$ cat protein.pdb   # PDB, C-alpha atoms
MODEL        1
ATOM      1  CA  MET A 515      87.316 347.377 133.107
ATOM      2  CA  ASP A 516      89.512 349.586 135.316
ATOM      3  CA  ILE A 517      92.613 347.676 136.496
ATOM      4  CA  ARG A 518      92.229 348.899 140.102
ATOM      5  CA  PHE A 519      88.569 347.854 140.167
ATOM      6  CA  ARG A 520      89.417 344.439 138.722
ATOM      7  CA  THR A 521      92.192 343.971 141.300
ATOM      8  CA  MET A 522      89.799 344.894 144.116
ATOM      9  CA  ILE A 523      87.251 342.297 142.911
ATOM     10  CA  GLN A 524      89.944 339.611 142.706
ATOM     11  CA  LYS A 525      91.081 340.362 146.259
ATOM     12  CA  LYS A 526      87.515 340.130 147.540
ATOM     13  CA  ALA A 527      87.070 336.823 145.727
ATOM     14  CA  ILE A 528      90.237 335.464 147.362
ATOM     15  CA  VAL A 529      89.002 336.591 150.792
ATOM     16  CA  ILE A 530      85.602 334.920 150.239
ATOM     17  CA  VAL A 531      87.197 331.640 149.086
ATOM     18  CA  THR A 532      89.546 331.713 152.079
ATOM     19  CA  LEU A 533      86.635 332.232 154.475
ATOM     20  CA  LEU A 534      84.738 329.353 152.874
ATOM     21  CA  VAL A 535      87.749 327.043 153.246
ATOM     22  CA  VAL A 536      88.145 328.043 156.902
ATOM     23  CA  ALA A 537      84.433 327.479 157.542
ATOM     24  CA  ALA A 538      84.572 324.056 155.907
ATOM     25  CA  THR A 539      87.637 323.135 157.949
ATOM     26  CA  ILE A 540      85.918 324.189 161.179
ATOM     27  CA  THR A 541      82.820 322.182 160.243
ATOM     28  CA  LEU A 542      84.858 319.058 159.522
ATOM     29  CA  ALA A 543      86.762 319.466 162.759
ATOM     30  CA  ALA A 544      83.525 319.870 164.717
ATOM     31  CA  THR A 545      82.092 316.773 163.068
ATOM     32  CA  SER A 546      85.183 314.774 163.951
ATOM     33  CA  ILE A 547      85.192 316.004 167.544
ATOM     34  CA  SER A 548      81.504 315.163 167.995
ATOM     35  CA  ASN A 549      82.288 311.507 167.301
ATOM     36  CA  VAL A 550      84.848 311.291 170.104
ATOM     37  CA  ARG A 551      83.808 311.540 173.726
ATOM     38  CA  VAL A 552      86.408 312.283 176.380
ATOM     39  CA  VAL A 553      85.314 311.362 179.877
ATOM     40  CA  ASN A 554      86.960 312.535 183.074
ATOM     41  CA  ALA A 555      86.946 310.134 186.007
ATOM     42  CA  ALA A 556      85.629 312.859 188.259
ATOM     43  CA  GLN A 557      82.601 313.389 186.018
ATOM     44  CA  VAL A 558      81.063 309.939 185.699
ATOM     45  CA  ALA A 559      81.819 306.323 186.542
ATOM     46  CA  LYS A 560      79.953 304.779 183.605
ATOM     47  CA  ILE A 561      79.362 306.093 180.106
ATOM     48  CA  SER A 562      77.008 304.855 177.402
ATOM     49  CA  VAL A 563      77.632 304.058 173.757
ATOM     50  CA  HIS A 564      74.843 303.275 171.312
ATOM     51  CA  ALA A 565      75.267 300.308 168.975
ATOM     52  CA  GLY A 566      73.131 301.214 165.988
ATOM     53  CA  GLY A 567      69.958 303.251 166.031
ATOM     54  CA  GLY A 568      67.637 304.878 163.553
ATOM     55  CA  ASP A 569      64.187 303.672 162.549
ATOM     56  CA  ASN A 570      62.605 301.021 160.332
ATOM     57  CA  THR A 571      63.210 303.066 157.181
ATOM     58  CA  SER A 572      66.695 304.381 157.961
ATOM     59  CA  PRO A 573      68.555 302.038 160.336
ATOM     60  CA  LEU A 574      71.884 303.323 161.633
ATOM     61  CA  THR A 575      74.832 300.939 161.442
ATOM     62  CA  ALA A 576      77.409 302.827 163.482
ATOM     63  CA  PHE A 577      78.570 303.230 167.059
ATOM     64  CA  ALA A 578      77.788 306.576 168.664
ATOM     65  CA  PRO A 579      80.148 307.909 169.755
ATOM     66  CA  GLN A 580      82.636 305.925 167.707
ATOM     67  CA  GLN A 581      85.458 306.529 170.179
ATOM     68  CA  VAL A 582      85.490 307.181 173.921
ATOM     69  CA  GLN A 583      88.443 308.153 176.078
ATOM     70  CA  ILE A 584      88.292 307.072 179.701
ATOM     71  CA  SER A 585      90.507 306.423 182.704
ATOM     72  CA  VAL A 586      91.610 303.084 184.125
ATOM     73  CA  GLY A 587      88.829 301.604 186.246
ATOM     74  CA  GLN A 588      86.001 303.267 184.354
ATOM     75  CA  THR A 589      83.097 301.459 182.740
ATOM     76  CA  VAL A 590      81.458 301.621 179.317
ATOM     77  CA  MET A 591      77.962 300.276 178.655
ATOM     78  CA  TRP A 592      76.686 299.551 175.152
ATOM     79  CA  ASP A 593      73.003 299.328 174.245
ATOM     80  CA  ASN A 594      70.957 299.083 171.057
ATOM     81  CA  PRO A 595      68.454 301.959 170.669
ATOM     82  CA  SER A 596      67.113 300.782 167.292
ATOM     83  CA  VAL A 597      63.374 300.941 166.667
ATOM     84  CA  VAL A 598      63.501 297.540 164.953
ATOM     85  CA  ALA A 599      65.156 294.339 166.155
ATOM     86  CA  GLU A 600      68.353 294.881 164.164
ATOM     87  CA  PRO A 601      71.116 292.982 166.015
ATOM     88  CA  HIS A 602      74.583 294.355 166.677
ATOM     89  CA  THR A 603      77.587 293.071 168.592
ATOM     90  CA  VAL A 604      80.442 294.697 170.471
ATOM     91  CA  THR A 605      83.350 292.406 169.700
ATOM     92  CA  PHE A 606      86.950 292.828 170.831
ATOM     93  CA  VAL A 607      89.194 290.518 168.776
ATOM     94  CA  LEU A 608      92.406 290.848 170.782
ATOM     95  CA  ASP A 609      94.025 287.827 169.098
ATOM     96  CA  ASN A 610      93.477 287.495 165.351
ATOM     97  CA  LYS A 611      93.211 283.731 165.705
ATOM     98  CA  THR A 612      89.988 284.198 167.683
ATOM     99  CA  ALA A 613      88.106 286.057 164.925
ATOM    100  CA  THR A 614      84.831 284.273 164.257
ATOM    101  CA  ASP A 615      81.792 284.278 161.976
ATOM    102  CA  ILE A 616      78.175 284.636 163.017
ATOM    103  CA  VAL A 617      77.307 281.313 161.341
ATOM    104  CA  SER A 618      79.465 278.198 160.890
ATOM    105  CA  PRO A 619      79.155 274.634 159.542
ATOM    106  CA  PHE A 620      78.763 271.811 162.055
ATOM    107  CA  ALA A 621      78.814 268.062 161.475
ATOM    108  CA  VAL A 622      76.017 265.978 163.028
ATOM    109  CA  PRO A 623      75.277 262.213 162.997
ATOM    110  CA  ASN A 624      73.516 261.057 159.845
ATOM    111  CA  SER A 625      70.612 259.765 161.904
ATOM    112  CA  THR A 626      69.872 263.140 163.509
ATOM    113  CA  GLN A 627      66.335 264.365 162.890
ATOM    114  CA  PHE A 628      65.449 268.017 163.351
ATOM    115  CA  THR A 629      61.968 269.019 164.465
ATOM    116  CA  VAL A 630      60.792 272.557 163.806
ATOM    117  CA  ILE A 631      59.448 274.650 166.688
ATOM    118  CA  PRO A 632      56.606 275.389 166.651
ATOM    119  CA  PRO A 633      55.513 272.374 164.597
ATOM    120  CA  GLY A 634      54.325 273.294 161.120
ATOM    121  CA  SER A 635      56.167 276.618 161.031
ATOM    122  CA  ASN A 636      57.849 277.668 157.799
ATOM    123  CA  THR A 637      61.393 276.712 158.853
ATOM    124  CA  GLU A 638      63.983 274.019 158.165
ATOM    125  CA  PRO A 639      67.675 273.598 159.009
ATOM    126  CA  LEU A 640      70.189 274.761 156.436
ATOM    127  CA  LYS A 641      72.263 271.815 155.187
ATOM    128  CA  VAL A 642      75.414 271.981 153.105
ATOM    129  CA  PRO A 643      74.434 270.777 149.592
ATOM    130  CA  GLY A 644      75.364 267.150 149.080
ATOM    131  CA  LYS A 645      76.190 266.591 152.754
ATOM    132  CA  ASN A 646      73.137 265.753 154.808
ATOM    133  CA  ASN A 647      75.154 265.523 158.017
ATOM    134  CA  VAL A 648      76.587 269.072 157.812
ATOM    135  CA  ILE A 649      74.356 271.949 158.846
ATOM    136  CA  ILE A 650      74.907 275.696 159.064
ATOM    137  CA  ALA A 651      74.165 277.014 162.547
ATOM    138  CA  VAL A 652      74.549 280.267 164.441
ATOM    139  CA  ASN A 653      77.893 280.414 166.231
ATOM    140  CA  ALA A 654      77.281 280.651 169.990
ATOM    141  CA  ARG A 655      80.516 282.596 170.447
ATOM    142  CA  SER A 656      78.997 285.332 168.321
ATOM    143  CA  TYR A 657      75.414 285.091 169.571
ATOM    144  CA  VAL A 658      76.035 284.722 173.315
ATOM    145  CA  PRO A 659      78.240 287.025 175.443
ATOM    146  CA  THR A 660      81.586 285.223 175.381
ATOM    147  CA  VAL A 661      85.099 285.663 176.748
ATOM    148  CA  ILE A 662      88.231 283.750 175.723
ATOM    149  CA  ASP A 663      90.969 284.306 178.290
ATOM    150  CA  SER A 664      94.739 284.437 177.791
ATOM    151  CA  GLN A 665      94.949 280.641 178.081
ATOM    152  CA  GLY A 666      92.356 280.048 175.390
ATOM    153  CA  ASN A 667      89.590 279.046 177.798
ATOM    154  CA  SER A 668      86.111 280.061 176.690
ATOM    155  CA  LYS A 669      83.193 280.998 178.928
ATOM    156  CA  HIS A 670      79.745 282.475 178.337
ATOM    157  CA  LEU A 671      78.379 285.410 180.309
ATOM    158  CA  PRO A 672      74.698 285.469 181.269
ATOM    159  CA  PRO A 673      72.477 287.639 179.040
ATOM    160  CA  PRO A 674      70.545 289.925 178.739
ATOM    161  CA  THR A 675      72.729 292.401 180.731
ATOM    162  CA  ALA A 676      76.164 290.801 180.684
ATOM    163  CA  ALA A 677      78.983 292.616 182.483
ATOM    164  CA  TYR A 678      82.702 291.945 182.396
ATOM    165  CA  THR A 679      85.922 293.374 183.832
ATOM    166  CA  MET A 680      88.617 293.404 181.158
ATOM    167  CA  THR A 681      92.199 292.902 182.308
ATOM    168  CA  GLY A 682      93.671 293.477 178.845
ATOM    169  CA  ASN A 683      95.112 289.960 178.564
ATOM    170  CA  GLU A 684      92.069 288.378 176.943
ATOM    171  CA  LYS A 685      92.012 287.006 173.397
ATOM    172  CA  TYR A 686      88.346 287.644 172.655
ATOM    173  CA  VAL A 687      85.529 289.528 174.373
ATOM    174  CA  ASN A 688      82.089 289.650 172.776
ATOM    175  CA  SER A 689      78.765 291.136 173.837
ATOM    176  CA  GLY A 690      76.628 288.622 171.993
ATOM    177  CA  TRP A 691      73.767 289.934 169.873
ATOM    178  CA  LEU A 692      72.405 293.179 171.300
ATOM    179  CA  ILE A 693      68.683 293.707 170.726
ATOM    180  CA  PRO A 694      66.547 296.701 171.784
ATOM    181  CA  LYS A 695      64.832 296.069 175.112
ATOM    182  CA  GLY A 696      61.360 294.647 174.609
ATOM    183  CA  GLN A 697      62.204 292.995 171.284
ATOM    184  CA  GLU A 698      64.002 289.920 172.600
ATOM    185  CA  LYS A 699      61.427 287.549 171.082
ATOM    186  CA  ALA A 700      62.976 288.139 167.668
ATOM    187  CA  PHE A 701      66.220 286.523 168.882
ATOM    188  CA  PRO A 702      65.650 284.445 172.060
ATOM    189  CA  GLY A 703      68.589 284.451 174.442
ATOM    190  CA  SER A 704      70.054 287.676 173.066
ATOM    191  CA  SER A 705      71.201 290.657 175.132
ATOM    192  CA  ASN A 706      70.018 294.221 175.748
ATOM    193  CA  THR A 707      73.203 295.739 177.171
ATOM    194  CA  PHE A 708      76.878 294.901 177.531
ATOM    195  CA  THR A 709      79.050 296.505 180.195
ATOM    196  CA  VAL A 710      82.846 296.423 180.376
ATOM    197  CA  THR A 711      85.096 297.837 183.090
ATOM    198  CA  PHE A 712      88.620 298.484 181.805
ATOM    199  CA  GLN A 713      91.467 297.750 184.216
ATOM    200  CA  LYS A 714      94.459 298.349 181.935
ATOM    201  CA  ALA A 715      95.547 301.363 179.897
ATOM    202  CA  GLY A 716      95.595 300.984 176.135
ATOM    203  CA  THR A 717      93.488 301.307 173.008
ATOM    204  CA  TYR A 718      90.792 298.675 172.605
ATOM    205  CA  ASN A 719      89.357 298.446 169.102
ATOM    206  CA  TYR A 720      86.111 296.614 168.478
ATOM    207  CA  LEU A 721      83.588 295.913 165.727
ATOM    208  CA  CYS A 722      80.097 294.568 165.100
ATOM    209  CA  GLU A 723      80.251 291.018 163.752
ATOM    210  CA  VAL A 724      76.875 291.410 162.048
ATOM    211  CA  HIS A 725      77.968 294.649 160.322
ATOM    212  CA  PRO A 726      81.801 294.487 160.123
ATOM    213  CA  TRP A 727      82.089 298.081 158.859
ATOM    214  CA  MET A 728      80.820 299.216 162.252
ATOM    215  CA  ILE A 729      83.987 299.908 164.236
ATOM    216  CA  GLY A 730      84.737 301.703 167.462
ATOM    217  CA  SER A 731      87.443 302.100 170.069
ATOM    218  CA  VAL A 732      87.904 302.707 173.764
ATOM    219  CA  VAL A 733      91.048 304.610 174.736
ATOM    220  CA  VAL A 734      91.976 303.957 178.366
ATOM    221  CA  LYS A 735      94.526 306.259 180.010
TER
ENDMDL
END
$ encode --input "protein.pdb" --output "structure tokens"
Amino acid sequence: MDIRFRTMIQKKAIVIVTLLVVAATITLAATSISNVRVVNAAQVAKISVHAGGGDNTSPLTAFAPQQVQISVGQTVMWDNPSVVAEPHTVTFVLDNKTATDIVSPFAVPNSTQFTVIPPGSNTEPLKVPGKNNVIIAVNARSYVPTVIDSQGNSKHLPPPTAAYTMTGNEKYVNSGWLIPKGQEKAFPGSSNTFTVTFQKAGTYNYLCEVHPWMIGSVVVK
């Protein structure tokens, strides 16, 4: 093969590879940018973030967008747009000592008798093997919208549309279980939305307690 012709082919190959690398880089950058939403205070007072989504064959276990950037005084509202009643939480663990599980063991008197509701349904309480007075129950601080303040005091917020103003000094702020509107019967007492107004600049990381790999953040400037 002619040396000049071979050199020309090699140069074209290098150009093509370079273009492909640039295209891939642009695609990755676009994908990354699409998962971050920057909101200007002059544009909107409240923005929405989806917790989960998808359908009954391909449920989505992610926050969309995963990160939002807002100004002090702005509000973020989370909802669950899933087709099925797949629960998610929006949980800010601002003090590692306040991390919690969705279920926990509880001791009860030995004489306690549990009655299923409705009677005759295919349910029974989960007891720790060998300990009839220890049951496993859903943790209310995961299930119900809950705030633990800087002094360690805990309070529940009323579902299904709990709202809270975060000062930035809290130890724990949790949405409770978010369920798509109209599907509350699957988890009585759960929530449909959770709204937080941020009053202090900073980065607030959160996760879903039901699906811990679901993480998100709110950057307040």
$ resolve_selection --input "protein.pdb" --expression "the PyMOL selection byres ((chain A and resi 662-669) around 8)" --output "MDAnalysis selection string"
chainID A and resid 660:661 670:671 683:687
$ residues_around --input "protein.pdb" --residues "A:Pro674" --least-positions-apart "2" --cutoff "9 Å" --atoms "all atoms listed in the file" --output "ChimeraX atom specification"
/A:659,672,676,692,698,703-708
$ residues_around --input "protein.pdb" --residues "A:Pro579" --least-positions-apart "2" --cutoff "6 Å" --atoms "only C-alpha atoms" --output "list of chain:residue names"
A:Asn549, A:Val550, A:Phe577, A:Gln581
$ axis_aligned_box --input "protein.pdb" --around "stretch 713-724 of chain A" --padding-each-side "6 Å" --output "lines of an AutoDock Vina configuration file"
center_x = 86.2
center_y = 296.2
center_z = 173.1
size_x = 30.7
size_y = 22.3
size_z = 34.2
$ resolve_selection --input "protein.pdb" --expression "the PyMOL selection byres ((chain A and resi 599) around 8)" --output "PyMOL selection string"
chain A and resi 596-598+600-601+693-694+697-698+700
$ resolve_selection --input "protein.pdb" --expression "the PyMOL selection byres ((chain A and resi 639-643) around 10)" --output "list in words"
Pro619, Phe620, Ala621, Phe628, Thr629, Val630, Thr637, Glu638, Gly644, Lys645, Asn646, Asn647, Val648, Ile649, Ile650 and Ala651 of chain A
$ closest_residue --input "protein.pdb" --among "A:Leu608, A:Met680, A:Val734, A:Ile631" --to "A:Leu721" --atoms "only C-alpha atoms"
A:Leu608
$ atom_distance --input "protein.pdb" --atom1 "atom CA of A:Thr681" --atom2 "atom CA of A:Lys714"
5.9 Å
$ atom_distance --input "protein.pdb" --atom1 "atom CA of A:Val732" --atom2 "atom CA of A:Gly716"
8.2 Å
$ atom_distance --input "protein.pdb" --atom1 "atom CA of A:Gly696" --atom2 "atom CA of A:Ser618"
28.0 Å
$ closest_residue --input "protein.pdb" --among "A:Gly690, A:Pro595, A:Pro726, A:Gly566" --to "A:Arg655" --atoms "all atoms listed in the file"
A:Gly690
$ closest_residue --input "protein.pdb" --among "A:Asn719, A:Asn688, A:Gln627, A:Ser562" --to "A:Met591" --atoms "all atoms listed in the file"
A:Ser562
$ closest_residue --input "protein.pdb" --among "A:Pro702, A:Ile561, A:Gly730, A:Thr675" --to "A:Ala576" --atoms "all atoms listed in the file"
A:Gly730
$ decode --input "protein.pdb" --residues "stretch 689-703 of chain A" --atoms "all heavy atoms" --output "compact mmCIF listing (two decimals), in the first residue's frame"
# COMPACT_ATOMS: atom_id res chain seq x y z
N SER A 689 -39.93 12.35 55.77
CA SER A 689 -41.23 12.53 55.12
C SER A 689 -42.27 11.52 55.55
O SER A 689 -43.47 11.71 55.32
CB SER A 689 -41.06 12.41 53.60
OG SER A 689 -40.67 11.08 53.26
N GLY A 690 -41.82 10.40 56.15
CA GLY A 690 -42.72 9.26 56.28
C GLY A 690 -42.81 8.54 54.95
O GLY A 690 -42.17 8.93 53.97
N TRP A 691 -43.60 7.49 54.89
CA TRP A 691 -43.73 6.73 53.64
C TRP A 691 -44.59 7.49 52.65
O TRP A 691 -45.75 7.82 52.95
CB TRP A 691 -44.33 5.35 53.93
CG TRP A 691 -43.36 4.41 54.60
CD1 TRP A 691 -42.23 4.76 55.28
CD2 TRP A 691 -43.45 2.99 54.67
NE1 TRP A 691 -41.60 3.64 55.76
CE2 TRP A 691 -42.33 2.54 55.41
CE3 TRP A 691 -44.38 2.07 54.19
CZ2 TRP A 691 -42.11 1.18 55.67
CZ3 TRP A 691 -44.16 0.72 54.46
CH2 TRP A 691 -43.03 0.29 55.18
N LEU A 692 -44.03 7.78 51.49
CA LEU A 692 -44.77 8.46 50.43
C LEU A 692 -45.38 7.44 49.49
O LEU A 692 -44.69 6.56 48.96
CB LEU A 692 -43.83 9.38 49.64
CG LEU A 692 -43.21 10.56 50.40
CD1 LEU A 692 -42.27 11.34 49.49
CD2 LEU A 692 -44.29 11.47 50.97
N ILE A 693 -46.69 7.56 49.29
CA ILE A 693 -47.45 6.63 48.45
C ILE A 693 -48.16 7.45 47.37
O ILE A 693 -48.62 8.56 47.64
CB ILE A 693 -48.49 5.86 49.30
CG1 ILE A 693 -47.78 5.09 50.41
CG2 ILE A 693 -49.32 4.91 48.44
CD1 ILE A 693 -46.85 4.00 49.92
N PRO A 694 -48.27 6.93 46.15
CA PRO A 694 -49.01 7.66 45.11
C PRO A 694 -50.43 7.98 45.56
O PRO A 694 -51.09 7.16 46.21
CB PRO A 694 -49.01 6.68 43.93
CG PRO A 694 -47.82 5.80 44.16
CD PRO A 694 -47.71 5.66 45.64
N LYS A 695 -50.89 9.16 45.24
CA LYS A 695 -52.24 9.58 45.63
C LYS A 695 -53.27 8.61 45.07
O LYS A 695 -53.21 8.21 43.90
CB LYS A 695 -52.52 10.99 45.11
CG LYS A 695 -53.80 11.60 45.65
CD LYS A 695 -53.91 13.05 45.27
CE LYS A 695 -55.19 13.67 45.82
NZ LYS A 695 -55.27 13.61 47.28
N GLY A 696 -54.20 8.21 45.92
CA GLY A 696 -55.24 7.27 45.53
C GLY A 696 -54.91 5.83 45.90
O GLY A 696 -55.76 4.95 45.76
N GLN A 697 -53.69 5.59 46.41
CA GLN A 697 -53.30 4.23 46.77
C GLN A 697 -52.97 4.11 48.26
O GLN A 697 -52.26 3.21 48.68
CB GLN A 697 -52.09 3.80 45.93
CG GLN A 697 -52.36 3.84 44.43
CD GLN A 697 -51.23 3.21 43.62
OE1 GLN A 697 -50.69 2.19 43.99
NE2 GLN A 697 -50.89 3.84 42.52
N GLU A 698 -53.51 5.03 49.04
CA GLU A 698 -53.21 5.07 50.47
C GLU A 698 -53.68 3.82 51.23
O GLU A 698 -53.15 3.51 52.30
CB GLU A 698 -53.85 6.30 51.11
CG GLU A 698 -53.35 7.62 50.57
CD GLU A 698 -54.12 8.09 49.34
OE1 GLU A 698 -54.88 7.27 48.77
OE2 GLU A 698 -53.99 9.26 48.97
N LYS A 699 -54.68 3.11 50.69
CA LYS A 699 -55.19 1.94 51.40
C LYS A 699 -54.13 0.86 51.59
O LYS A 699 -54.22 0.05 52.51
CB LYS A 699 -56.40 1.35 50.64
CG LYS A 699 -57.65 2.23 50.71
CD LYS A 699 -58.82 1.55 50.01
CE LYS A 699 -60.08 2.40 50.12
NZ LYS A 699 -61.25 1.77 49.43
N ALA A 700 -53.13 0.86 50.71
CA ALA A 700 -52.07 -0.14 50.84
C ALA A 700 -51.26 0.08 52.11
O ALA A 700 -50.77 -0.87 52.72
CB ALA A 700 -51.15 -0.09 49.62
N PHE A 701 -51.12 1.35 52.53
CA PHE A 701 -50.37 1.68 53.74
C PHE A 701 -51.12 2.79 54.48
O PHE A 701 -50.80 3.97 54.30
CB PHE A 701 -48.94 2.12 53.40
CG PHE A 701 -48.12 1.07 52.70
CD1 PHE A 701 -47.97 1.11 51.32
CD2 PHE A 701 -47.52 0.05 53.41
CE1 PHE A 701 -47.22 0.14 50.66
CE2 PHE A 701 -46.77 -0.93 52.77
CZ PHE A 701 -46.62 -0.88 51.39
N PRO A 702 -52.12 2.45 55.30
CA PRO A 702 -52.93 3.46 55.98
C PRO A 702 -52.07 4.42 56.81
O PRO A 702 -51.14 4.01 57.49
CB PRO A 702 -53.84 2.62 56.87
CG PRO A 702 -53.90 1.28 56.21
CD PRO A 702 -52.55 1.08 55.61
N GLY A 703 -52.39 5.69 56.73
CA GLY A 703 -51.66 6.69 57.49
C GLY A 703 -50.40 7.19 56.82
O GLY A 703 -49.67 8.01 57.40
